[in-house]
Amino acid sequence: MTDMSDPDLTPKQKRQLEKEHQQRLKYYSASQWTLIWWRFKRHRAAMLAAVLLGLMALAGIFAEFVAPYGPVTRDTKYIEGPPQIPKFCDDNGCSLRPFINGTKTERDPVTLRAISVPDPDTRYYISLFVKGESVKVLGFIPTDRHLIGLDDPDQKIHFWGTDDLGRDVFSRTIYATRTSLSIGVLGVLISFFLALAIGGAAGFFGGMTDNVIQRVTEVIRVVPIIPLYMGLAAAMPKEWSTTQVYFAMTLILGLFGWPTLARRIRSQLLSIRNEDYVVAARLAGARPRRIITQHMLPSFTSFIIVDLVISFPYMILSETALSFVGLGLRPPSVSWGVLLQQAQSVRAIEQTPWLFIPAVFVVVAVLAFTVIGDGLRDAADPYSEAK
Amino acid sequence: MSRMLTVENLSISFRTDEGVITPVQGVSFHVDQGRTLGLVGESGSGKSVSTKALMRLLPGTASLGADTRMHYTTKDGRVVEIETLANDGEPIRKLRGGEIGMIFQEPMASFSPVYTIGNQMMEAIQLHRPMGRREARSYAVEMLNKVGISNAEARVDQYPHELSGGMRQRAMIALTLSAGPALLIADEPTTALDVTIQAQVLDLMRDLQQELGMGMIFITHDLGVIAQIADDVAVMYLGTIVERGPAREVIRAPQHPYTQGLLAAIPSLDKLHDRLSPVPGDIPSPNARPTGCPFHTRCAQKIAGLCDARPPREIQTQPGRAVRCWLHDDEGRNAA
Amino acid sequence: MLRFTLERLIGMAITMLLVSLMVFIIMEIPPGDYADRYAFRKYSGTGVNVTEADIQAIRVELGLDKPMIFRYFDWIGGIVLRGDFGQAFAFETSVVKVIGDKVWLTTGILFATLILTYLISIPIGIYAAVRRGSAVDYGLTIFSYLGLALPNFLLALVMLYFANRWFGADIGGLFSAEYRDAPWSLAKVWDMLKHLWLPAVVLAWSAVAYQIQTVRATMSDELNKLSVTAARARGVPERRLLIKYPARLAINPVVSTIGFDVNRIFSELPIVAVVLGLTDLGELLLKAYLDLDMNVAGAILLLLTFAIVFMNFLSDLLLAWLDPRIKLGA
Amino acid sequence: MSLDASPRETLIEVRNLSVHFPIRQKRLFRTDVQMLRAVDDVSFDINRGETVGLVGESGSGKTTVGRAILRAIDPTGGEVIFHSATGDIDLAGASEEELRKVRSQLQMAFREEGGVAVQNLAGEALRAFRPRMSLVFQDPYSSLNPRMTVRDIIAEPLVASGLMRNRDEIDERVRDIAARCKLNLEHLRRFPHAFSGGQRQRICIARALVSKPEFVVCDESVSALDVSIQAEIVNLLKDLQEEMGVSFLFIAHDLSVVAQISHRVAVLYVGKFVEYAPTEKLFFTPRHPYTHALLSAIPLADPDASFEPIRLQGEIPNPLKAPSGCRFHTRCPFARERCSAEAPDWREIADEHFVACHFADEFDFSRPNLNAAE
């Protein structure tokens, strides 16, 4: 508030004042999205979650490249093997490059079964961009390079161990990330469009339409959702291909995810419709289309994004749960739920705990979506403080 | 007339995300028994916050200045140093309600919606008076009658939302007075009411104060209300009292440029169609408080280099009147 | 209050009618009809060659050739008038026999879970709001995030693992081996209670996390209300103040979401049941779905939903009793 | 600022305007519909370049009157005739489609009434008229779209109605009106969150006046502002009126502000007009007991003025259960039997002084002898 032309100020103070002044001007002419971004940035946990989720999504999108092996590639030499942790040192000295020891087959002295034991005399070095299986990234970019792997193309590394068929848990988890996240995205999108249409109709037309829609929404909301999904999932013909099942699943998840969202859209519409500035636009002679696109939608979008983000966890958890009990995706598809199917028993916890690693992904993804949702919710209404 | 409350150098700071802000700085006033102090100011002047500090009702993010003194003399003559009390505890609770009562702007919001009027009144009565349930109830009915609520016997069992706005504020007054306070703090009690209802409530409060001989602090932004109800007035601007003195004298002959501007800006019913004289500029936000005199950004008589650099002292201009302005300070006069 | 109750009763009846329609439609969705599956199950492996005519005969016998709307009324009429949910072909007996006392087991699990949820979440939520911003508050926030994120079946597995290590192997399921098929007795009930806590804890987990957040949020709002400040200004002691004013109102959203909690619990039940080896409706439902025994599945889905609708009704009544503003507004 | 100098020209004629809202209450098997007579049979007129003040307490229906005139809500009955200056509507700029609809309805309306009966206009035609009428809201926070720049907010009436298409022209007009409302160029680039209450109200006024309307409704436009700021907005409105010749309907509950800005003032009580007169007459020689009580209830910032408010019994009635006969009879200190039985006529008791009271002739409430009647 001090006068800038005050002669008593030192140049440094003046610069400081000038800087503050510029910042204020920047704030004054900041649009909605800039304000939201500024506020969201302040939410450190949400930023961290966003980065984590971004990494996860990238890994999923470029699964062919990121995963060292295919989802069904078997390593018969290493079945139900524990995770192999890269190391820099062993009994034979240290190295600057990480490596793992090879394995050799021995007979268990008691049961006489063949088991794999580490062979301290062999070393396989880990590299980036190694040659491996030929794959098509994103389905069309052919390459035989993989992000990470062993120098020796004949040897395999299993960061997170293998399952009972010798499939690499790390690679499978990366592929599963793609499936599970994409089911979430598609499911949310489907339910979003349904919600937008249904909630929009209720909020826009009001009256009888609204009453009927409200009643139907009410009915769908009281039905326990997983048993309902189960009913629909059970109806899927057993002979369907994995792709068909995949799309059917997204459709089912999307088909019943809309009621909560539709209710929110409806109430948002109703409250925005009565905002003074919308009335003002109407009195200024704006047509309905202009009122909706210029005045209602912009204020509405940020809230809807929040709702979308917080409805992801339900989709992901539902898919995981359904696949877990065998009603969702089925092998040979890989999703987090499908992977966890192999870990259904207490025996698995005791003997092959690494099969639970996909669960960490589920928890992290759901947590990340929840935290981002919280951060967005705080940021979505940048004008609440201004009052 | 005995002095019941002395407040000296009251400063209140809040911790916020953007740093510490101090919406109230160096406020001093006092209340005598049987007299009404009007605290007048526009939005952001810190009038409500100051009285909440008196009752130690501020949130945990708030802190009082080091040389803040708030001394209250109880009904039995003890002096309580309010600034030393904890926010929560037996000593301050003894003061709240029983010694100092408080009425708020929103009568609906100051009642809990899920209990009857009678329930909430009886609670206050039993906390501060040695009465049983029966007695407390009939006392509640008596108090409702006293504030002019008809059919009090039935009203006592109604919920707040079943009463109209004016009735609710009357019930709130009855509730507050039923605890028997010696000092009443009324925070804009009539602002949310219609003109005719406001007049009724002002009338009622004036009568009750005289009848019960209470001291009263009446907070408002309306100088008209002050003129009608207050004996003394303190004018607040951005967290400081810029002028104080007997209401009559201050309103007739304001000394601070802000008080002068405020009075001139009020539309009068006697001089129709005249141009109004606004105070130029906007009220700065409390977290961007100007340096020096807080009013200098809008003051037509500001002394450059002085008013914007150093805050003025409080100057006694006449017995019982004080003003915080360089124009009344010898140093300021010399500089001008 | 009477009118209010009546109104809600009628609302409940309408919802139940619509729900039953929906459930019926879901029962009809699986490919092929009941007769197909009946014939397949009855004669597969017996060497009998089933012709289209045979199936048609079964269809007529069972009344499956009638239009859907008639079949719906047959079905719902049987349920409402005679308590008959039809035949469970996978078990070759009536659905009622199959479901039987599993209804009571499920009810037991449900109420154990609900009570556990509210006993934990309400006091903790209130405490977190009062101590807002403290370490305890942050800890609870992190806990409730985890509660929302951890899939319940995983939790069930982990709990089972530890329960096995600490309490011995016989903790899964609802009964110890010696009581599993024994007739009901006091000892059996006691044995059940000893097993009931595990599913209750697992099922309560996410509900607790959710309700802590709800209670904390409303309590925080209520704490900032003028009525609380006003009561404090009257000298009401702090503890009593918290309980009488904000806490009393912070319970309202919990009461209004009882139905929602029941929904959540029923949603998780089938999956948790698989992991914990419970023999309740949830597990049966899963089995029925996998076998495409739609009469059983439909009956269970219908019962679960009715329970939710009924709990919604109860929560409405409870809320109206708790909050005087609702009765008058209705 | 006397009106007598210029010839009076009626701009808005309100005839028997009524607005009833159906209040639906869901019962068990049926829905009860009660009629809330928010505004009941109200008639008055507004001259060109004049400000008419509308005062009343909560539930009096003053906001409803303003919005019904602008057709923000639909009136139940009555007429609102808008004597617009012809040639202002940019017919050339409108598309063929709009033009056809507007023209046909305009011509018909003009021929019939010599003005446009606003409530007969539908859809397109109403939109075409909107730029000539405007509304300034009470809450300067919620009436500005926080997601638009001030420039876009002010330009909205021009753009939305299609009054102007050329960006440069719009910018010029916006800059012009903004300057008149004491907003500078830098302000135009900002968003509403950068402004204080008084500045926001100036933006609202600029928006209302940008299309050079002939008639603007100010709905409690200054009541949310602090006193020191309020005066500035009142002065601004007066200046703009002189410059642009616009008419205002100034709705407020604060009588002293209304007194300062209005040429004539109407007093509403529970949906009915009780008195309508030139400002001096209304404030110095009120004829209705309610006006008198209202005036006596204002606390004056003058310690020597006696403050003896007329003690009205009870509370303002709920408009759903409006009293029979004269609606004020339940609280009137002078009520007689006839008052509860028979609604008083709306009559011109003196030149331009309208009142609805059976016994208005018997009362003399003229100030400063405020209590002469008792």
# chains A, B, ... in the order shown; residues from 1 in each chain; ligands from 1

call {"tool": "interface_residues", "arguments": {"of": "chain A", "to": "chain C", "cutoff": "9 Å", "atoms": "only C-alpha atoms", "output": "ChimeraX atom specification"}}
result
/A:215-216,218-228,230-237,313,317,320-322,324-327,340,344-347,349-350,356,359-360,362-367,370-371

call {"tool": "select_by_dssp", "arguments": {"residues": "segment 166-294 of chain B", "states": "strand (DSSP E)", "output": "ChimeraX atom specification"}}
result
/B:183-187,215-220,232-237,240-246

call {"tool": "closest_atom_pairs", "arguments": {"of": "chain B", "to": "chain D", "cutoff": "6 Å", "atoms": "only C-alpha atoms", "output": "Markdown table"}}
result
| residue | atom | partner | partner_atom | distance |
| --- | --- | --- | --- | --- |
| B:Glu42 | CA | D:Asp226 | CA | 5.9 |
| B:Asp194 | CA | D:Glu57 | CA | 5.8 |
| B:Thr196 | CA | D:Ala297 | CA | 5.5 |
| B:Ala199 | CA | D:Ala297 | CA | 5.3 |
| B:Leu223 | CA | D:Ala301 | CA | 5.4 |
| B:Gly224 | CA | D:Ala301 | CA | 3.7 |
| B:Val225 | CA | D:Pro299 | CA | 5.4 |
| B:Ala227 | CA | D:Pro303 | CA | 5.0 |
| B:Arg248 | CA | D:Pro303 | CA | 5.6 |
| B:Leu262 | CA | D:Ser228 | CA | 5.8 |
| B:Ala265 | CA | D:Ser228 | CA | 5.7 |
| B:Pro267 | CA | D:Ser256 | CA | 5.6 |
| B:Leu269 | CA | D:Ser256 | CA | 5.6 |
| B:Leu272 | CA | D:Gln260 | CA | 5.3 |
| B:His273 | CA | D:Gln260 | CA | 5.0 |
| B:Leu276 | CA | D:Ala231 | CA | 5.6 |
| B:Pro278 | CA | D:Ala231 | CA | 4.8 |
| B:Val279 | CA | D:Ser228 | CA | 5.1 |

call {"tool": "write_last_selection", "arguments": {"atoms": "C-alpha atoms", "output": "PDB file, in the first residue's frame"}}
result
ATOM      1  CA  GLU B  42     -17.638  -0.618   8.610  1.00  0.00           C
ATOM      2  CA  ASP B 194     -36.726  -5.312   9.090  1.00  0.00           C
ATOM      3  CA  THR B 196     -40.174  -1.860  11.999  1.00  0.00           C
ATOM      4  CA  ALA B 199     -37.289  -0.400  16.041  1.00  0.00           C
ATOM      5  CA  LEU B 223     -24.553   5.614  13.173  1.00  0.00           C
ATOM      6  CA  GLY B 224     -28.302   6.207  13.354  1.00  0.00           C
ATOM      7  CA  VAL B 225     -28.678   3.301  15.758  1.00  0.00           C
ATOM      8  CA  ALA B 227     -27.288   8.021  18.037  1.00  0.00           C
ATOM      9  CA  ARG B 248     -23.873  13.014  21.412  1.00  0.00           C
ATOM     10  CA  LEU B 262     -18.877   8.708   7.632  1.00  0.00           C
ATOM     11  CA  ALA B 265     -22.017  10.005   3.736  1.00  0.00           C
ATOM     12  CA  PRO B 267     -28.239   9.904   3.463  1.00  0.00           C
ATOM     13  CA  LEU B 269     -34.285  12.209   5.420  1.00  0.00           C
ATOM     14  CA  LEU B 272     -33.710  15.207  -0.055  1.00  0.00           C
ATOM     15  CA  HIS B 273     -32.101  15.197  -3.498  1.00  0.00           C
ATOM     16  CA  LEU B 276     -24.215  12.658  -1.053  1.00  0.00           C
ATOM     17  CA  PRO B 278     -18.862   9.705  -0.166  1.00  0.00           C
ATOM     18  CA  VAL B 279     -15.556   8.963   1.500  1.00  0.00           C
TER      19      VAL B 279
END

call {"tool": "interface_residues", "arguments": {"of": "chain B", "to": "chain A", "cutoff": "10 Å", "atoms": "only C-alpha atoms", "output": "PDB file with C-alpha atoms, in the first residue's frame"}}
result
ATOM      1  CA  PRO B 284      -8.317  -1.643   2.276  1.00  0.00           C
ATOM      2  CA  ALA B 288      -3.126  -5.231   3.462  1.00  0.00           C
ATOM      3  CA  ARG B 289      -3.246  -2.648   6.213  1.00  0.00           C
ATOM      4  CA  PRO B 290      -1.624   0.635   5.142  1.00  0.00           C
ATOM      5  CA  THR B 291       1.410   1.848   7.055  1.00  0.00           C
ATOM      6  CA  GLY B 292       1.064   4.924   9.245  1.00  0.00           C
ATOM      7  CA  THR B 297      -5.246   6.329   1.812  1.00  0.00           C
ATOM      8  CA  GLY B 305       5.346  12.157   4.847  1.00  0.00           C
ATOM      9  CA  ASP B 308       1.593   7.596   5.639  1.00  0.00           C
ATOM     10  CA  ALA B 309       4.711   6.919   7.668  1.00  0.00           C
TER      11      ALA B 309
END

call {"tool": "closest_residue", "arguments": {"among": "D:Ala194, D:Met244, D:Ala206, D:Ile349", "to": "chain A", "atoms": "only C-alpha atoms"}}
result
D:Ala194

call {"tool": "interface_residues", "arguments": {"of": "chain C", "to": "chain D", "cutoff": "9 Å", "atoms": "only C-alpha atoms", "output": "ChimeraX atom specification"}}
result
/C:3-4,6-7,10,330

call {"tool": "interface_residues", "arguments": {"of": "chain B", "to": "chain C", "cutoff": "8 Å", "atoms": "only C-alpha atoms", "output": "number ranges by chain"}}
result
B: 55, 57, 88-89, 92-98, 101-104, 109-114, 124, 127, 159, 161, 176, 179

call {"tool": "write_last_selection", "arguments": {"atoms": "N, CA and C atoms", "output": "PDB file, in the first residue's frame"}}
result
ATOM      1  N   MET B  55     -14.475 -12.167  25.499  1.00  0.00           N
ATOM      2  CA  MET B  55     -15.067 -13.389  26.045  1.00  0.00           C
ATOM      3  C   MET B  55     -14.142 -14.574  25.822  1.00  0.00           C
ATOM      4  N   LEU B  57     -13.351 -15.912  23.025  1.00  0.00           N
ATOM      5  CA  LEU B  57     -14.069 -16.816  22.118  1.00  0.00           C
ATOM      6  C   LEU B  57     -13.355 -16.959  20.783  1.00  0.00           C
ATOM      7  N   ASP B  88     -10.352 -21.833  27.808  1.00  0.00           N
ATOM      8  CA  ASP B  88     -11.314 -22.829  28.252  1.00  0.00           C
ATOM      9  C   ASP B  88     -10.984 -23.146  29.694  1.00  0.00           C
ATOM     10  N   GLY B  89     -11.972 -23.064  30.537  1.00  0.00           N
ATOM     11  CA  GLY B  89     -11.687 -23.370  31.930  1.00  0.00           C
ATOM     12  C   GLY B  89     -12.670 -22.694  32.851  1.00  0.00           C
ATOM     13  N   ILE B  92     -12.914 -18.442  33.132  1.00  0.00           N
ATOM     14  CA  ILE B  92     -13.556 -17.689  32.044  1.00  0.00           C
ATOM     15  C   ILE B  92     -15.012 -18.095  31.923  1.00  0.00           C
ATOM     16  N   ARG B  93     -15.314 -19.376  32.245  1.00  0.00           N
ATOM     17  CA  ARG B  93     -16.694 -19.833  32.146  1.00  0.00           C
ATOM     18  C   ARG B  93     -17.588 -19.117  33.150  1.00  0.00           C
ATOM     19  N   LYS B  94     -17.002 -18.749  34.313  1.00  0.00           N
ATOM     20  CA  LYS B  94     -17.757 -17.993  35.318  1.00  0.00           C
ATOM     21  C   LYS B  94     -18.186 -16.644  34.748  1.00  0.00           C
ATOM     22  N   LEU B  95     -17.322 -16.054  33.923  1.00  0.00           N
ATOM     23  CA  LEU B  95     -17.647 -14.750  33.351  1.00  0.00           C
ATOM     24  C   LEU B  95     -18.694 -14.872  32.253  1.00  0.00           C
ATOM     25  N   ARG B  96     -18.496 -15.881  31.394  1.00  0.00           N
ATOM     26  CA  ARG B  96     -19.379 -16.030  30.246  1.00  0.00           C
ATOM     27  C   ARG B  96     -20.811 -16.280  30.706  1.00  0.00           C
ATOM     28  N   GLY B  97     -21.729 -15.511  30.180  1.00  0.00           N
ATOM     29  CA  GLY B  97     -23.136 -15.735  30.506  1.00  0.00           C
ATOM     30  C   GLY B  97     -23.542 -15.058  31.793  1.00  0.00           C
ATOM     31  N   GLY B  98     -22.966 -15.493  32.896  1.00  0.00           N
ATOM     32  CA  GLY B  98     -23.369 -14.981  34.199  1.00  0.00           C
ATOM     33  C   GLY B  98     -22.933 -13.545  34.433  1.00  0.00           C
ATOM     34  N   GLY B 101     -22.972 -11.166  29.052  1.00  0.00           N
ATOM     35  CA  GLY B 101     -23.842 -11.890  28.121  1.00  0.00           C
ATOM     36  C   GLY B 101     -23.597 -11.379  26.714  1.00  0.00           C
ATOM     37  N   MET B 102     -23.945 -12.208  25.718  1.00  0.00           N
ATOM     38  CA  MET B 102     -23.658 -11.813  24.340  1.00  0.00           C
ATOM     39  C   MET B 102     -24.830 -12.158  23.419  1.00  0.00           C
ATOM     40  N   ILE B 103     -25.184 -11.207  22.577  1.00  0.00           N
ATOM     41  CA  ILE B 103     -26.243 -11.425  21.583  1.00  0.00           C
ATOM     42  C   ILE B 103     -25.636 -11.221  20.203  1.00  0.00           C
ATOM     43  N   PHE B 104     -26.031 -12.094  19.254  1.00  0.00           N
ATOM     44  CA  PHE B 104     -25.390 -12.053  17.935  1.00  0.00           C
ATOM     45  C   PHE B 104     -26.332 -11.542  16.865  1.00  0.00           C
ATOM     46  N   ALA B 109     -29.194 -18.488  13.693  1.00  0.00           N
ATOM     47  CA  ALA B 109     -27.970 -19.282  13.785  1.00  0.00           C
ATOM     48  C   ALA B 109     -27.457 -19.367  15.214  1.00  0.00           C
ATOM     49  N   SER B 110     -27.877 -18.453  16.089  1.00  0.00           N
ATOM     50  CA  SER B 110     -27.308 -18.538  17.432  1.00  0.00           C
ATOM     51  C   SER B 110     -28.089 -19.496  18.338  1.00  0.00           C
ATOM     52  N   PHE B 111     -29.200 -19.992  17.854  1.00  0.00           N
ATOM     53  CA  PHE B 111     -29.870 -21.089  18.558  1.00  0.00           C
ATOM     54  C   PHE B 111     -29.483 -22.414  17.922  1.00  0.00           C
ATOM     55  N   SER B 112     -29.411 -23.452  18.733  1.00  0.00           N
ATOM     56  CA  SER B 112     -29.262 -24.777  18.128  1.00  0.00           C
ATOM     57  C   SER B 112     -30.630 -25.205  17.626  1.00  0.00           C
ATOM     58  N   PRO B 113     -30.715 -25.699  16.381  1.00  0.00           N
ATOM     59  CA  PRO B 113     -32.025 -25.991  15.808  1.00  0.00           C
ATOM     60  C   PRO B 113     -32.715 -27.216  16.403  1.00  0.00           C
ATOM     61  N   VAL B 114     -31.967 -28.046  17.125  1.00  0.00           N
ATOM     62  CA  VAL B 114     -32.570 -29.317  17.543  1.00  0.00           C
ATOM     63  C   VAL B 114     -33.075 -29.318  18.979  1.00  0.00           C
ATOM     64  N   ALA B 124     -29.043 -22.382  30.367  1.00  0.00           N
ATOM     65  CA  ALA B 124     -28.335 -21.174  30.793  1.00  0.00           C
ATOM     66  C   ALA B 124     -28.729 -20.794  32.220  1.00  0.00           C
ATOM     67  N   LEU B 127     -27.210 -23.074  34.778  1.00  0.00           N
ATOM     68  CA  LEU B 127     -25.758 -22.920  34.905  1.00  0.00           C
ATOM     69  C   LEU B 127     -25.413 -21.749  35.818  1.00  0.00           C
ATOM     70  N   TYR B 159     -39.542 -24.945  18.785  1.00  0.00           N
ATOM     71  CA  TYR B 159     -38.176 -24.945  18.255  1.00  0.00           C
ATOM     72  C   TYR B 159     -37.894 -23.589  17.610  1.00  0.00           C
ATOM     73  N   HIS B 161     -36.933 -22.662  14.748  1.00  0.00           N
ATOM     74  CA  HIS B 161     -37.404 -22.414  13.387  1.00  0.00           C
ATOM     75  C   HIS B 161     -38.907 -22.169  13.330  1.00  0.00           C
ATOM     76  N   THR B 176     -30.287 -14.661  26.880  1.00  0.00           N
ATOM     77  CA  THR B 176     -29.045 -14.076  27.375  1.00  0.00           C
ATOM     78  C   THR B 176     -29.256 -13.402  28.725  1.00  0.00           C
ATOM     79  N   ALA B 179     -29.559 -15.407  32.280  1.00  0.00           N
ATOM     80  CA  ALA B 179     -28.402 -15.812  33.069  1.00  0.00           C
ATOM     81  C   ALA B 179     -27.963 -14.683  34.013  1.00  0.00           C
TER      82      ALA B 179
END

call {"tool": "interface_residues", "arguments": {"of": "chain A", "to": "chain D", "cutoff": "10 Å", "atoms": "only C-alpha atoms", "output": "PyMOL selection string"}}
result
chain A and resi 24-33+275-287+290-291+294-296+298-299+382-387

call {"tool": "residues_around", "arguments": {"residues": "Cys89 of chain A", "least_positions_apart": "5", "cutoff": "12 Å", "atoms": "only C-alpha atoms", "output": "list in words"}}
result
Cys94, Ser95, Leu96, Arg97, Pro98, Phe99, Ile100, Asn101, Pro120, Arg123 and Tyr125 of chain A

call {"tool": "select_by_dssp", "arguments": {"residues": "segment 141-296 of chain A", "states": "alpha helix (DSSP H)", "output": "ChimeraX atom specification"}}
result
/A:169-205,207-222,225-234,242-255,258-273,276-283,288-290

call {"tool": "atom_distance", "arguments": {"atom1": "atom CA of Ile109 of chain C", "atom2": "atom CA of Thr93 of chain C"}}
result
25.8 Å

call {"tool": "closest_residue", "arguments": {"among": "A:Pro71, A:Lys14, A:Glu64, A:Phe192", "to": "Pro142 of chain A", "atoms": "only C-alpha atoms"}}
result
A:Glu64
